[in-house]
file query33.cif (mmCIF, C-alpha atoms and all ligand atoms)
data_entry
#
loop_
_atom_site.group_PDB
_atom_site.id
_atom_site.type_symbol
_atom_site.label_atom_id
_atom_site.label_comp_id
_atom_site.auth_asym_id
_atom_site.auth_seq_id
_atom_site.Cartn_x
_atom_site.Cartn_y
_atom_site.Cartn_z
ATOM 1 C CA MET A 21 81.986 98.583 102.057
ATOM 2 C CA ASP A 22 79.975 95.435 101.367
ATOM 3 C CA VAL A 23 76.344 96.327 101.952
ATOM 4 C CA THR A 24 73.628 94.062 100.568
ATOM 5 C CA HIS A 25 70.644 95.561 102.397
ATOM 6 C CA GLN A 26 69.299 99.088 102.342
ATOM 7 C CA ARG A 27 70.295 101.226 105.298
ATOM 8 C CA THR A 28 68.809 104.155 107.165
ATOM 9 C CA LEU A 29 69.482 106.015 110.405
ATOM 10 C CA ARG A 30 68.723 104.510 113.806
ATOM 11 C CA ASN A 31 67.698 107.887 115.285
ATOM 12 C CA ARG A 32 67.056 111.373 114.006
ATOM 13 C CA ILE A 33 69.815 113.941 114.456
ATOM 14 C CA SER A 34 70.185 117.707 113.927
ATOM 15 C CA CYS A 35 72.825 120.321 113.253
ATOM 16 C CA THR A 36 72.980 124.006 112.421
ATOM 17 C CA GLY A 37 75.329 125.992 110.208
ATOM 18 C CA ILE A 38 75.405 128.516 107.396
ATOM 19 C CA GLY A 39 74.991 128.197 103.643
ATOM 20 C CA LEU A 40 78.255 128.601 101.726
ATOM 21 C CA HIS A 41 76.697 130.649 98.937
ATOM 22 C CA SER A 42 73.758 132.304 100.738
ATOM 23 C CA GLY A 43 75.659 133.046 103.943
ATOM 24 C CA LEU A 44 72.348 132.455 105.775
ATOM 25 C CA PRO A 45 71.898 130.341 108.928
ATOM 26 C CA VAL A 46 70.188 126.985 108.390
ATOM 27 C CA ALA A 47 69.044 124.170 110.681
ATOM 28 C CA MET A 48 69.027 120.604 109.385
ATOM 29 C CA THR A 49 67.494 117.429 110.830
ATOM 30 C CA LEU A 50 68.080 113.970 109.373
ATOM 31 C CA HIS A 51 65.275 111.455 109.963
ATOM 32 C CA PRO A 52 65.171 107.670 109.425
ATOM 33 C CA ALA A 53 63.063 106.679 106.397
ATOM 34 C CA LEU A 54 61.357 103.511 105.141
ATOM 35 C CA PRO A 55 62.974 101.157 102.588
ATOM 36 C CA ASP A 56 62.858 102.431 98.977
ATOM 37 C CA THR A 57 62.292 106.038 100.124
ATOM 38 C CA GLY A 58 65.648 107.214 98.805
ATOM 39 C CA ILE A 59 67.099 110.558 99.843
ATOM 40 C CA ILE A 60 64.479 113.277 100.165
ATOM 41 C CA PHE A 61 64.768 116.877 101.343
ATOM 42 C CA ARG A 62 61.870 118.665 103.037
ATOM 43 C CA ARG A 63 61.996 122.458 103.155
ATOM 44 C CA THR A 64 60.152 123.508 106.322
ATOM 45 C CA ASP A 65 60.190 127.182 105.216
ATOM 46 C CA VAL A 66 57.885 126.680 102.202
ATOM 47 C CA ALA A 67 54.264 125.498 101.818
ATOM 48 C CA GLU A 68 54.036 121.832 102.767
ATOM 49 C CA SER A 69 52.530 120.784 99.420
ATOM 50 C CA GLU A 70 55.622 122.153 97.630
ATOM 51 C CA SER A 71 58.237 121.210 100.219
ATOM 52 C CA LEU A 72 59.580 117.820 99.100
ATOM 53 C CA VAL A 73 62.650 117.694 96.853
ATOM 54 C CA ARG A 74 64.127 114.347 95.852
ATOM 55 C CA ALA A 75 67.892 114.019 95.622
ATOM 56 C CA ASN A 76 68.145 112.039 92.404
ATOM 57 C CA ARG A 77 69.246 112.476 88.817
ATOM 58 C CA GLU A 78 65.816 113.648 87.648
ATOM 59 C CA SER A 79 65.790 116.556 90.103
ATOM 60 C CA LEU A 80 69.222 117.966 89.193
ATOM 61 C CA SER A 81 68.671 121.634 88.477
ATOM 62 C CA GLY A 82 71.947 123.480 88.788
ATOM 63 C CA SER A 83 75.688 123.077 88.819
ATOM 64 C CA LYS A 84 77.019 126.600 89.331
ATOM 65 C CA LEU A 85 79.827 125.960 91.839
ATOM 66 C CA CYS A 86 77.639 123.463 93.687
ATOM 67 C CA THR A 87 75.000 120.814 93.101
ATOM 68 C CA THR A 88 71.368 121.928 93.322
ATOM 69 C CA VAL A 89 68.194 119.852 93.138
ATOM 70 C CA ALA A 90 64.672 121.187 92.661
ATOM 71 C CA ASN A 91 61.078 119.946 92.370
ATOM 72 C CA GLU A 92 58.353 120.879 89.862
ATOM 73 C CA PHE A 93 57.268 123.848 92.017
ATOM 74 C CA GLY A 94 60.715 125.420 91.869
ATOM 75 C CA THR A 95 61.550 124.558 95.481
ATOM 76 C CA SER A 96 65.295 123.941 95.510
ATOM 77 C CA VAL A 97 68.077 122.780 97.797
ATOM 78 C CA ALA A 98 71.647 123.842 96.985
ATOM 79 C CA THR A 99 75.124 122.643 97.961
ATOM 80 C CA ILE A 100 73.968 119.092 98.627
ATOM 81 C CA GLU A 101 77.175 117.410 97.371
ATOM 82 C CA HIS A 102 79.152 117.004 100.601
ATOM 83 C CA LEU A 103 76.144 115.607 102.464
ATOM 84 C CA MET A 104 75.450 113.299 99.503
ATOM 85 C CA ALA A 105 79.077 112.140 99.617
ATOM 86 C CA ALA A 106 78.759 111.340 103.343
ATOM 87 C CA LEU A 107 75.541 109.381 102.698
ATOM 88 C CA ALA A 108 77.286 107.481 99.883
ATOM 89 C CA GLY A 109 80.401 106.877 101.970
ATOM 90 C CA CYS A 110 78.346 105.593 104.913
ATOM 91 C CA ALA A 111 76.043 103.560 102.617
ATOM 92 C CA VAL A 112 72.813 105.263 103.712
ATOM 93 C CA ASP A 113 70.005 104.664 101.187
ATOM 94 C CA ASN A 114 66.956 106.131 102.896
ATOM 95 C CA VAL A 115 66.787 109.428 104.774
ATOM 96 C CA LEU A 116 64.460 112.406 105.103
ATOM 97 C CA ILE A 117 66.405 115.652 105.460
ATOM 98 C CA GLU A 118 64.539 118.651 106.881
ATOM 99 C CA LEU A 119 65.970 122.109 106.234
ATOM 100 C CA ASP A 120 64.629 125.555 107.131
ATOM 101 C CA GLY A 121 66.451 127.170 104.219
ATOM 102 C CA ALA A 122 67.509 126.646 100.619
ATOM 103 C CA GLU A 123 71.044 125.406 101.188
ATOM 104 C CA VAL A 124 72.646 122.539 103.115
ATOM 105 C CA PRO A 125 74.962 123.983 105.804
ATOM 106 C CA ILE A 126 78.590 124.031 104.674
ATOM 107 C CA MET A 127 79.976 123.063 108.123
ATOM 108 C CA ASP A 128 83.799 122.913 107.733
ATOM 109 C CA GLY A 129 83.713 122.534 103.935
ATOM 110 C CA SER A 130 84.308 118.768 104.054
ATOM 111 C CA ALA A 131 82.045 115.724 104.515
ATOM 112 C CA GLU A 132 83.474 114.805 107.903
ATOM 113 C CA PRO A 133 80.891 116.675 110.065
ATOM 114 C CA PHE A 134 78.119 114.821 108.182
ATOM 115 C CA VAL A 135 79.862 111.458 108.637
ATOM 116 C CA LEU A 136 80.111 112.159 112.383
ATOM 117 C CA LEU A 137 76.440 113.144 112.414
ATOM 118 C CA LEU A 138 75.468 109.858 110.710
ATOM 119 C CA GLU A 139 77.678 107.867 113.078
ATOM 120 C CA ASN A 140 76.107 109.585 116.083
ATOM 121 C CA ALA A 141 72.601 108.871 114.788
ATOM 122 C CA GLY A 142 73.610 105.248 114.167
ATOM 123 C CA MET A 143 72.836 103.319 110.990
ATOM 124 C CA ILE A 144 70.722 100.176 110.642
ATOM 125 C CA GLU A 145 70.073 97.623 107.937
ATOM 126 C CA GLN A 146 66.551 97.374 106.551
ATOM 127 C CA ASP A 147 64.589 94.431 105.253
ATOM 128 C CA ALA A 148 65.054 95.229 101.568
ATOM 129 C CA PRO A 149 67.848 94.516 99.102
ATOM 130 C CA ARG A 150 70.143 97.399 98.233
ATOM 131 C CA GLN A 151 69.927 98.539 94.623
ATOM 132 C CA VAL A 152 73.112 99.270 92.702
ATOM 133 C CA VAL A 153 73.481 100.717 89.223
ATOM 134 C CA ARG A 154 75.694 98.497 87.078
ATOM 135 C CA VAL A 155 77.357 100.336 84.204
ATOM 136 C CA LEU A 156 77.209 98.285 80.980
ATOM 137 C CA LYS A 157 78.819 100.588 78.442
ATOM 138 C CA ARG A 158 81.581 103.167 78.182
ATOM 139 C CA ILE A 159 80.210 106.722 78.211
ATOM 140 C CA GLU A 160 82.349 109.818 77.753
ATOM 141 C CA VAL A 161 81.617 113.523 78.109
ATOM 142 C CA THR A 162 84.025 116.379 77.420
ATOM 143 C CA ASP A 163 84.131 120.139 77.770
ATOM 144 C CA GLY A 164 87.308 121.735 76.396
ATOM 145 C CA VAL A 165 90.234 120.316 78.370
ATOM 146 C CA SER A 166 87.889 118.625 80.880
ATOM 147 C CA SER A 167 86.684 115.075 80.383
ATOM 148 C CA MET A 168 84.909 112.250 82.168
ATOM 149 C CA VAL A 169 84.586 108.607 81.252
ATOM 150 C CA ILE A 170 82.573 105.909 82.990
ATOM 151 C CA GLU A 171 82.995 102.262 82.046
ATOM 152 C CA PRO A 172 81.929 98.857 83.368
ATOM 153 C CA ASN A 173 83.797 97.670 86.470
ATOM 154 C CA ALA A 174 83.203 95.184 89.307
ATOM 155 C CA ASP A 175 83.099 97.950 91.918
ATOM 156 C CA PHE A 176 83.036 101.741 92.208
ATOM 157 C CA VAL A 177 86.357 103.356 91.303
ATOM 158 C CA ILE A 178 87.243 107.004 90.688
ATOM 159 C CA ASP A 179 90.510 108.080 89.102
ATOM 160 C CA PHE A 180 90.670 111.882 89.263
ATOM 161 C CA GLU A 181 93.213 114.342 87.930
ATOM 162 C CA ILE A 182 93.219 118.095 88.408
ATOM 163 C CA ASN A 183 95.561 120.671 86.951
ATOM 164 C CA PHE A 184 95.397 124.235 88.174
ATOM 165 C CA GLU A 185 98.322 125.537 86.123
ATOM 166 C CA ASN A 186 100.451 128.329 87.560
ATOM 167 C CA THR A 187 99.053 127.855 91.060
ATOM 168 C CA MET A 188 100.450 125.983 94.046
ATOM 169 C CA VAL A 189 97.708 123.364 93.549
ATOM 170 C CA SER A 190 99.214 122.422 90.173
ATOM 171 C CA ARG A 191 98.683 118.832 88.950
ATOM 172 C CA GLN A 192 97.332 116.237 91.390
ATOM 173 C CA ARG A 193 95.963 112.775 90.781
ATOM 174 C CA ARG A 194 94.143 110.395 93.114
ATOM 175 C CA SER A 195 92.491 106.995 92.773
ATOM 176 C CA TYR A 196 89.687 105.885 95.056
ATOM 177 C CA ARG A 197 88.344 102.345 95.185
ATOM 178 C CA ASP A 198 85.226 102.013 97.273
ATOM 179 C CA GLN A 199 86.021 98.438 98.363
ATOM 180 C CA ASP A 200 89.500 99.228 99.729
ATOM 181 C CA ALA A 201 89.324 102.781 100.952
ATOM 182 C CA SER A 202 87.923 104.384 104.065
ATOM 183 C CA PHE A 203 85.720 107.200 102.835
ATOM 184 C CA LYS A 204 85.896 108.953 106.197
ATOM 185 C CA ASP A 205 89.682 108.839 106.564
ATOM 186 C CA ASP A 206 90.865 108.987 102.956
ATOM 187 C CA ILE A 207 88.394 111.420 101.376
ATOM 188 C CA GLY A 208 85.809 112.698 103.864
ATOM 189 C CA LYS A 209 88.012 115.246 105.638
ATOM 190 C CA ALA A 210 89.121 117.029 102.431
ATOM 191 C CA ARG A 211 87.747 120.587 102.375
ATOM 192 C CA THR A 212 86.483 122.649 99.499
ATOM 193 C CA PHE A 213 88.973 125.198 98.229
ATOM 194 C CA GLY A 214 89.235 128.494 96.441
ATOM 195 C CA PHE A 215 91.679 131.133 95.336
ATOM 196 C CA ALA A 216 91.946 134.439 97.186
ATOM 197 C CA GLU A 217 91.963 136.397 93.921
ATOM 198 C CA ASP A 218 88.522 134.981 92.989
ATOM 199 C CA ALA A 219 86.829 135.959 96.261
ATOM 200 C CA ASP A 220 85.686 139.458 95.244
ATOM 201 C CA ALA A 221 84.263 138.323 91.897
ATOM 202 C CA LEU A 222 82.345 135.493 93.599
ATOM 203 C CA ARG A 223 80.878 137.813 96.236
ATOM 204 C CA SER A 224 79.794 140.398 93.689
ATOM 205 C CA ALA A 225 78.048 137.548 91.834
ATOM 206 C CA GLY A 226 76.199 136.725 95.079
ATOM 207 C CA LEU A 227 78.164 133.496 95.582
ATOM 208 C CA ALA A 228 80.321 132.253 98.458
ATOM 209 C CA LEU A 229 78.742 134.863 100.775
ATOM 210 C CA GLY A 230 79.226 132.430 103.678
ATOM 211 C CA GLY A 231 82.706 131.386 102.577
ATOM 212 C CA SER A 232 85.543 131.845 105.051
ATOM 213 C CA LEU A 233 88.684 130.183 106.330
ATOM 214 C CA ASP A 234 86.338 128.193 108.623
ATOM 215 C CA ASN A 235 84.836 126.316 105.667
ATOM 216 C CA ALA A 236 87.296 126.449 102.777
ATOM 217 C CA VAL A 237 90.977 126.133 102.058
ATOM 218 C CA VAL A 238 92.023 129.470 100.593
ATOM 219 C CA VAL A 239 95.057 129.590 98.332
ATOM 220 C CA ASP A 240 96.831 132.938 97.939
ATOM 221 C CA GLY A 241 99.741 132.669 95.520
ATOM 222 C CA ALA A 242 102.188 130.152 96.996
ATOM 223 C CA GLU A 243 100.490 130.217 100.400
ATOM 224 C CA ILE A 244 97.615 128.514 102.205
ATOM 225 C CA LEU A 245 95.902 131.184 104.312
ATOM 226 C CA ASN A 246 94.335 128.688 106.774
ATOM 227 C CA VAL A 247 96.056 128.334 110.127
ATOM 228 C CA GLY A 248 97.109 124.699 110.340
ATOM 229 C CA GLY A 249 97.575 124.367 106.580
ATOM 230 C CA LEU A 250 96.280 121.334 104.695
ATOM 231 C CA ARG A 251 94.699 118.153 106.100
ATOM 232 C CA TYR A 252 96.313 116.021 103.353
ATOM 233 C CA ASP A 253 99.209 116.938 101.027
ATOM 234 C CA ASP A 254 96.815 116.454 98.115
ATOM 235 C CA GLU A 255 93.679 117.756 99.846
ATOM 236 C CA PHE A 256 92.562 119.528 96.629
ATOM 237 C CA VAL A 257 92.214 116.459 94.441
ATOM 238 C CA ARG A 258 90.762 114.472 97.349
ATOM 239 C CA HIS A 259 88.033 117.088 97.626
ATOM 240 C CA LYS A 260 87.296 116.738 93.900
ATOM 241 C CA VAL A 261 86.913 112.978 94.471
ATOM 242 C CA LEU A 262 84.560 113.786 97.376
ATOM 243 C CA ASP A 263 82.432 116.042 95.149
ATOM 244 C CA CYS A 264 82.358 113.354 92.458
ATOM 245 C CA ILE A 265 81.235 110.677 94.960
ATOM 246 C CA GLY A 266 78.451 113.000 96.139
ATOM 247 C CA ASP A 267 77.307 113.911 92.636
ATOM 248 C CA MET A 268 77.343 110.309 91.415
ATOM 249 C CA TYR A 269 75.149 109.228 94.353
ATOM 250 C CA LEU A 270 72.340 111.069 92.539
ATOM 251 C CA ALA A 271 72.298 107.970 90.313
ATOM 252 C CA GLY A 272 69.873 106.573 92.910
ATOM 253 C CA GLY A 273 72.306 104.101 94.415
ATOM 254 C CA PRO A 274 75.946 103.118 94.333
ATOM 255 C CA LEU A 275 77.511 102.685 90.896
ATOM 256 C CA MET A 276 79.371 99.629 89.655
ATOM 257 C CA GLY A 277 81.685 101.380 87.259
ATOM 258 C CA LYS A 278 85.039 103.083 86.898
ATOM 259 C CA ILE A 279 85.184 106.841 86.438
ATOM 260 C CA THR A 280 88.206 108.543 84.927
ATOM 261 C CA ALA A 281 87.935 112.297 85.405
ATOM 262 C CA ILE A 282 90.274 114.999 84.167
ATOM 263 C CA ARG A 283 89.676 118.538 85.430
ATOM 264 C CA SER A 284 86.010 117.806 85.991
ATOM 265 C CA GLY A 285 83.654 119.767 88.214
ATOM 266 C CA HIS A 286 79.968 119.684 89.108
ATOM 267 C CA ALA A 287 78.770 120.666 85.618
ATOM 268 C CA LEU A 288 80.628 117.827 83.894
ATOM 269 C CA ASN A 289 79.779 115.355 86.696
ATOM 270 C CA HIS A 290 76.127 116.144 86.008
ATOM 271 C CA GLN A 291 76.597 115.815 82.232
ATOM 272 C CA LEU A 292 78.059 112.349 82.753
ATOM 273 C CA LEU A 293 75.078 111.285 84.862
ATOM 274 C CA VAL A 294 72.641 112.622 82.264
ATOM 275 C CA ALA A 295 74.517 110.938 79.381
ATOM 276 C CA LEU A 296 74.712 107.607 81.223
ATOM 277 C CA PHE A 297 71.003 107.469 82.030
ATOM 278 C CA ALA A 298 69.966 108.815 78.628
ATOM 279 C CA ASP A 299 71.207 105.545 77.108
ATOM 280 C CA PRO A 300 69.000 102.645 78.257
ATOM 281 C CA ASP A 301 71.665 100.138 77.109
ATOM 282 C CA ALA A 302 74.342 101.755 79.279
ATOM 283 C CA TRP A 303 73.125 100.705 82.735
ATOM 284 C CA VAL A 304 70.922 98.326 84.670
ATOM 285 C CA THR A 305 69.708 98.330 88.273
ATOM 286 C CA VAL A 306 70.507 95.130 90.166
ATOM 287 C CA ASP A 307 70.386 93.882 93.758
ATOM 288 C CA ALA A 308 73.681 94.388 95.584
ATOM 289 C CA MET A 309 75.713 91.209 96.043
ATOM 290 C CA PRO A 310 78.593 90.725 98.465
ATOM 291 C CA SER A 311 81.905 90.988 96.636
ATOM 292 C CA VAL A 312 83.672 87.665 96.068
ATOM 293 C CA SER A 313 86.858 89.117 97.524
ATOM 294 C CA ASP A 314 85.098 89.176 100.901
ATOM 295 C CA PRO A 315 86.105 85.822 102.490
ATOM 296 C CA GLN A 316 83.137 85.963 104.897
ATOM 297 C CA ALA A 317 80.670 86.288 102.051
ATOM 298 C CA ALA A 318 82.269 84.004 99.473
ATOM 299 C CA PRO A 319 80.893 80.683 100.843
ATOM 300 C CA GLU A 320 77.365 82.092 100.731
ATOM 301 C CA ILE A 321 77.752 83.082 97.097
ATOM 302 C CA LEU A 322 79.083 79.626 96.210
ATOM 303 C CA ALA A 323 76.210 78.003 98.128
ATOM 304 C CA ALA A 324 73.695 80.243 96.371
ATOM 305 C CA ALA A 325 75.245 79.472 92.983
ATOM 306 C CA SER A 326 75.099 75.707 93.498
ATOM 307 C CA ALA A 327 71.623 75.724 95.080
HETATM 308 ZN ZN ZN B 401 82.865 120.382 97.230
#
call {"tool": "encode", "arguments": {"input": "query33.cif", "output": "structure tokens"}}
result
Amino acid sequence: MDVTHQRTLRNRISCTGIGLHSGLPVAMTLHPALPDTGIIFRRTDVAESESLVRANRESLSGSKLCTTVANEFGTSVATIEHLMAALAGCAVDNVLIELDGAEVPIMDGSAEPFVLLLENAGMIEQDAPRQVVRVLKRIEVTDGVSSMVIEPNADFVIDFEINFENTMVSRQRRSYRDQDASFKDDIGKARTFGFAEDADALRSAGLALGGSLDNAVVVDGAEILNVGGLRYDDEFVRHKVLDCIGDMYLAGGPLMGKITAIRSGHALNHQLLVALFADPDAWVTVDAMPSVSDPQAAPEILAAASA
């Protein structure tokens, strides 16, 4: 999507659901926000002075099976990644997200309900240039057999490979190029997934208390337990791309860079973000420009260049 101006919502919009890990009900309202606000959560169930939590790389506080952000008072918001992916996919820069609990509702386990919410609210361009983060240097992080590389590229590309050996998920690989793909159709509908044999251990650890066949694909041996099966043949790797898009949007804007991920998850996604921004020579923030492959925009670029 070629977006050169910041965007926000036209109207506010609400939904309700449950937290995947807490299992608790939560109500969420998305509000339009001024240019350069960024993405900010407001917890309405805590003291107002401690209620604001920014969704950016500085506020990353946890990566245990989900992405959590927190402020200096310890107020946190968990499982933000699918909402973040929808905001990235719909190119929304500025939004205030009110929640009456500590976790974003899981909805159906994909980003699609959030995309529909944003579409229903409507999205408008604002009178401020969009900021993108241009990657200038190759950065790599590894953890055992998992690895992630980001390197300079003209647009945002993710090449993701997963390998759940000895399961029906097995090896899957997917490439996503922001300029060509439809986030909503190609990635947004892919649901989170888990293995039936892990369910008890997760619950005794106080995780996935809200997890069910309504919000996750559950794999049991060679079978998918969900009625209706998969939404895509390779729904698993598409969901990993979705998580990666959501996590990378914590950069503070869209990235101009190519990510190559092997068996990565939230923890390594976060490590890559930290490593990238720890090196001041590895990135620069620039105003978004229309891509030259866009025939509508190309004459303007040429005119600007010769002016
Ligand atoms: Zn996910």
call {"tool": "residues_around", "arguments": {"input": "query33.cif", "residues": "range 236-250 of chain A", "least_positions_apart": "6", "cutoff": "9 Å", "atoms": "all atoms listed in the file", "output": "tab-separated table (two decimals) with C-alpha atoms, keeping the file's coordinate frame"}}
result
chain	number	residue	atom	x	y	z
A	128	ASP	CA	83.80	122.91	107.73
A	129	GLY	CA	83.71	122.53	103.94
A	130	SER	CA	84.31	118.77	104.05
A	187	THR	CA	99.05	127.86	91.06
A	188	MET	CA	100.45	125.98	94.05
A	189	VAL	CA	97.71	123.36	93.55
A	210	ALA	CA	89.12	117.03	102.43
A	211	ARG	CA	87.75	120.59	102.38
A	212	THR	CA	86.48	122.65	99.50
A	213	PHE	CA	88.97	125.20	98.23
A	214	GLY	CA	89.24	128.49	96.44
A	215	PHE	CA	91.68	131.13	95.34
A	216	ALA	CA	91.95	134.44	97.19
A	217	GLU	CA	91.96	136.40	93.92
A	256	PHE	CA	92.56	119.53	96.63
call {"tool": "closest_atom_pairs", "arguments": {"input": "query33.cif", "of": "chain A", "to": "ligand ZN 401 (chain B)", "cutoff": "9 Å", "atoms": "only C-alpha atoms and all ligand atoms", "output": "JSON lines"}}
result
{"residue": "A:Leu85", "atom": "CA", "partner": "B:ZN401", "partner_atom": "ZN", "distance": 8.3}
{"residue": "A:Cys86", "atom": "CA", "partner": "B:ZN401", "partner_atom": "ZN", "distance": 7.0}
{"residue": "A:Thr87", "atom": "CA", "partner": "B:ZN401", "partner_atom": "ZN", "distance": 8.9}
{"residue": "A:Thr99", "atom": "CA", "partner": "B:ZN401", "partner_atom": "ZN", "distance": 8.1}
{"residue": "A:Glu101", "atom": "CA", "partner": "B:ZN401", "partner_atom": "ZN", "distance": 6.4}
{"residue": "A:His102", "atom": "CA", "partner": "B:ZN401", "partner_atom": "ZN", "distance": 6.0}
{"residue": "A:Gly129", "atom": "CA", "partner": "B:ZN401", "partner_atom": "ZN", "distance": 7.1}
{"residue": "A:Ser130", "atom": "CA", "partner": "B:ZN401", "partner_atom": "ZN", "distance": 7.2}
{"residue": "A:Ala131", "atom": "CA", "partner": "B:ZN401", "partner_atom": "ZN", "distance": 8.7}
{"residue": "A:Ala210", "atom": "CA", "partner": "B:ZN401", "partner_atom": "ZN", "distance": 8.8}
{"residue": "A:Arg211", "atom": "CA", "partner": "B:ZN401", "partner_atom": "ZN", "distance": 7.1}
{"residue": "A:Thr212", "atom": "CA", "partner": "B:ZN401", "partner_atom": "ZN", "distance": 4.8}
{"residue": "A:Phe213", "atom": "CA", "partner": "B:ZN401", "partner_atom": "ZN", "distance": 7.8}
{"residue": "A:His259", "atom": "CA", "partner": "B:ZN401", "partner_atom": "ZN", "distance": 6.1}
{"residue": "A:Lys260", "atom": "CA", "partner": "B:ZN401", "partner_atom": "ZN", "distance": 6.6}
{"residue": "A:Val261", "atom": "CA", "partner": "B:ZN401", "partner_atom": "ZN", "distance": 8.9}
{"residue": "A:Leu262", "atom": "CA", "partner": "B:ZN401", "partner_atom": "ZN", "distance": 6.8}
{"residue": "A:Asp263", "atom": "CA", "partner": "B:ZN401", "partner_atom": "ZN", "distance": 4.8}
{"residue": "A:Cys264", "atom": "CA", "partner": "B:ZN401", "partner_atom": "ZN", "distance": 8.5}
{"residue": "A:Gly266", "atom": "CA", "partner": "B:ZN401", "partner_atom": "ZN", "distance": 8.7}
{"residue": "A:His286", "atom": "CA", "partner": "B:ZN401", "partner_atom": "ZN", "distance": 8.7}
call {"tool": "resolve_selection", "arguments": {"input": "query33.cif", "expression": "the PyMOL selection byres (((chain A and resi 79) around 12) and not hetatm)", "output": "PyMOL selection string"}}
result
chain A and resi 59-61+72-78+80-83+87-98+270-272+290+293-294
call {"tool": "write_last_selection", "arguments": {"input": "query33.cif", "atoms": "C-alpha atoms", "output": "short mmCIF file (atom, residue, chain, number, x, y, z; two decimals), in the frame of the given file"}}
result
data_model
loop_
_atom_site.label_atom_id
_atom_site.label_comp_id
_atom_site.auth_asym_id
_atom_site.auth_seq_id
_atom_site.Cartn_x
_atom_site.Cartn_y
_atom_site.Cartn_z
CA ILE A 59 67.10 110.56 99.84
CA ILE A 60 64.48 113.28 100.16
CA PHE A 61 64.77 116.88 101.34
CA LEU A 72 59.58 117.82 99.10
CA VAL A 73 62.65 117.69 96.85
CA ARG A 74 64.13 114.35 95.85
CA ALA A 75 67.89 114.02 95.62
CA ASN A 76 68.14 112.04 92.40
CA ARG A 77 69.25 112.48 88.82
CA GLU A 78 65.82 113.65 87.65
CA LEU A 80 69.22 117.97 89.19
CA SER A 81 68.67 121.63 88.48
CA GLY A 82 71.95 123.48 88.79
CA SER A 83 75.69 123.08 88.82
CA THR A 87 75.00 120.81 93.10
CA THR A 88 71.37 121.93 93.32
CA VAL A 89 68.19 119.85 93.14
CA ALA A 90 64.67 121.19 92.66
CA ASN A 91 61.08 119.95 92.37
CA GLU A 92 58.35 120.88 89.86
CA PHE A 93 57.27 123.85 92.02
CA GLY A 94 60.72 125.42 91.87
CA THR A 95 61.55 124.56 95.48
CA SER A 96 65.30 123.94 95.51
CA VAL A 97 68.08 122.78 97.80
CA ALA A 98 71.65 123.84 96.98
CA LEU A 270 72.34 111.07 92.54
CA ALA A 271 72.30 107.97 90.31
CA GLY A 272 69.87 106.57 92.91
CA HIS A 290 76.13 116.14 86.01
CA LEU A 293 75.08 111.28 84.86
CA VAL A 294 72.64 112.62 82.26
#
call {"tool": "resolve_selection", "arguments": {"input": "query33.cif", "expression": "the PyMOL selection byres (((chain A and resi 309) around 6) and not hetatm)", "output": "list in words"}}
result
Thr24, Ala308 and Pro310 of chain A
call {"tool": "write_last_selection", "arguments": {"input": "query33.cif", "atoms": "C-alpha atoms", "output": "compact mmCIF listing (two decimals), in the coordinates of the input"}}
result
# COMPACT_ATOMS: atom_id res chain seq x y z
CA THR A 24 73.63 94.06 100.57
CA ALA A 308 73.68 94.39 95.58
CA PRO A 310 78.59 90.72 98.46
call {"tool": "atom_distance", "arguments": {"input": "query33.cif", "atom1": "CA of Asp267 in chain A", "atom2": "CA of Pro125 in chain A"}}
result
16.7 Å
call {"tool": "closest_residue", "arguments": {"input": "query33.cif", "among": "A:Asn140, A:Thr57, A:Ser232, A:Thr280", "to": "Arg32 in chain A", "atoms": "all atoms listed in the file"}}
result
A:Asn140
call {"tool": "atom_distance", "arguments": {"input": "query33.cif", "atom1": "CA of Arg27 in chain A", "atom2": "CA of Tyr269 in chain A"}}
result
14.4 Å
call {"tool": "closest_atom_pairs", "arguments": {"input": "query33.cif", "of": "range 228-306 of chain A", "to": "range 36-45 of chain A", "cutoff": "7 Å", "atoms": "only C-alpha atoms", "output": "Markdown table"}}
result
| residue | atom | partner | partner_atom | distance |
| --- | --- | --- | --- | --- |
| A:Ala228 | CA | A:His41 | CA | 4.0 |
| A:Leu229 | CA | A:Gly43 | CA | 4.8 |
| A:Gly230 | CA | A:Gly43 | CA | 3.6 |
| A:Gly231 | CA | A:Leu40 | CA | 5.3 |
call {"tool": "atom_distance", "arguments": {"input": "query33.cif", "atom1": "CA of Asp254 in chain A", "atom2": "CA of Asn235 in chain A"}}
result
17.3 Å
call {"tool": "closest_residue", "arguments": {"input": "query33.cif", "among": "A:Thr305, A:Gln199, A:Asn186, A:Gln26", "to": "Val115 in chain A", "atoms": "all atoms listed in the file"}}
result
A:Gln26
call {"tool": "resolve_selection", "arguments": {"input": "query33.cif", "expression": "the PyMOL selection byres (((chain A and resi 142) around 10) and not hetatm)", "output": "count of residues only"}}
result
15
call {"tool": "axis_aligned_box", "arguments": {"input": "query33.cif", "around": "range 167-185 of chain A", "padding_each_side": "4 Å", "output": "lines of an AutoDock Vina configuration file"}}
result
center_x = 90.1
center_y = 110.4
center_z = 86.3
size_x = 24.4
size_y = 38.4
size_z = 19.8
call {"tool": "closest_residue", "arguments": {"input": "query33.cif", "among": "A:Val161, A:Val155, A:Leu54, A:Ala105", "to": "Gln291 in chain A", "atoms": "all atoms listed in the file"}}
result
A:Val161
call {"tool": "closest_residue", "arguments": {"input": "query33.cif", "among": "A:Ala108, A:Leu222, A:Ile207, A:Val257", "to": "Asn183 in chain A", "atoms": "all atoms listed in the file"}}
result
A:Val257
call {"tool": "closest_residue", "arguments": {"input": "query33.cif", "among": "A:Ile170, A:Glu145, A:Ser69, A:Asp234", "to": "Lys157 in chain A", "atoms": "all atoms listed in the file"}}
result
A:Ile170
call {"tool": "closest_residue", "arguments": {"input": "query33.cif", "among": "A:Ser167, A:Ser195, A:Thr64, A:Ser34", "to": "Phe180 in chain A", "atoms": "all atoms listed in the file"}}
result
A:Ser195
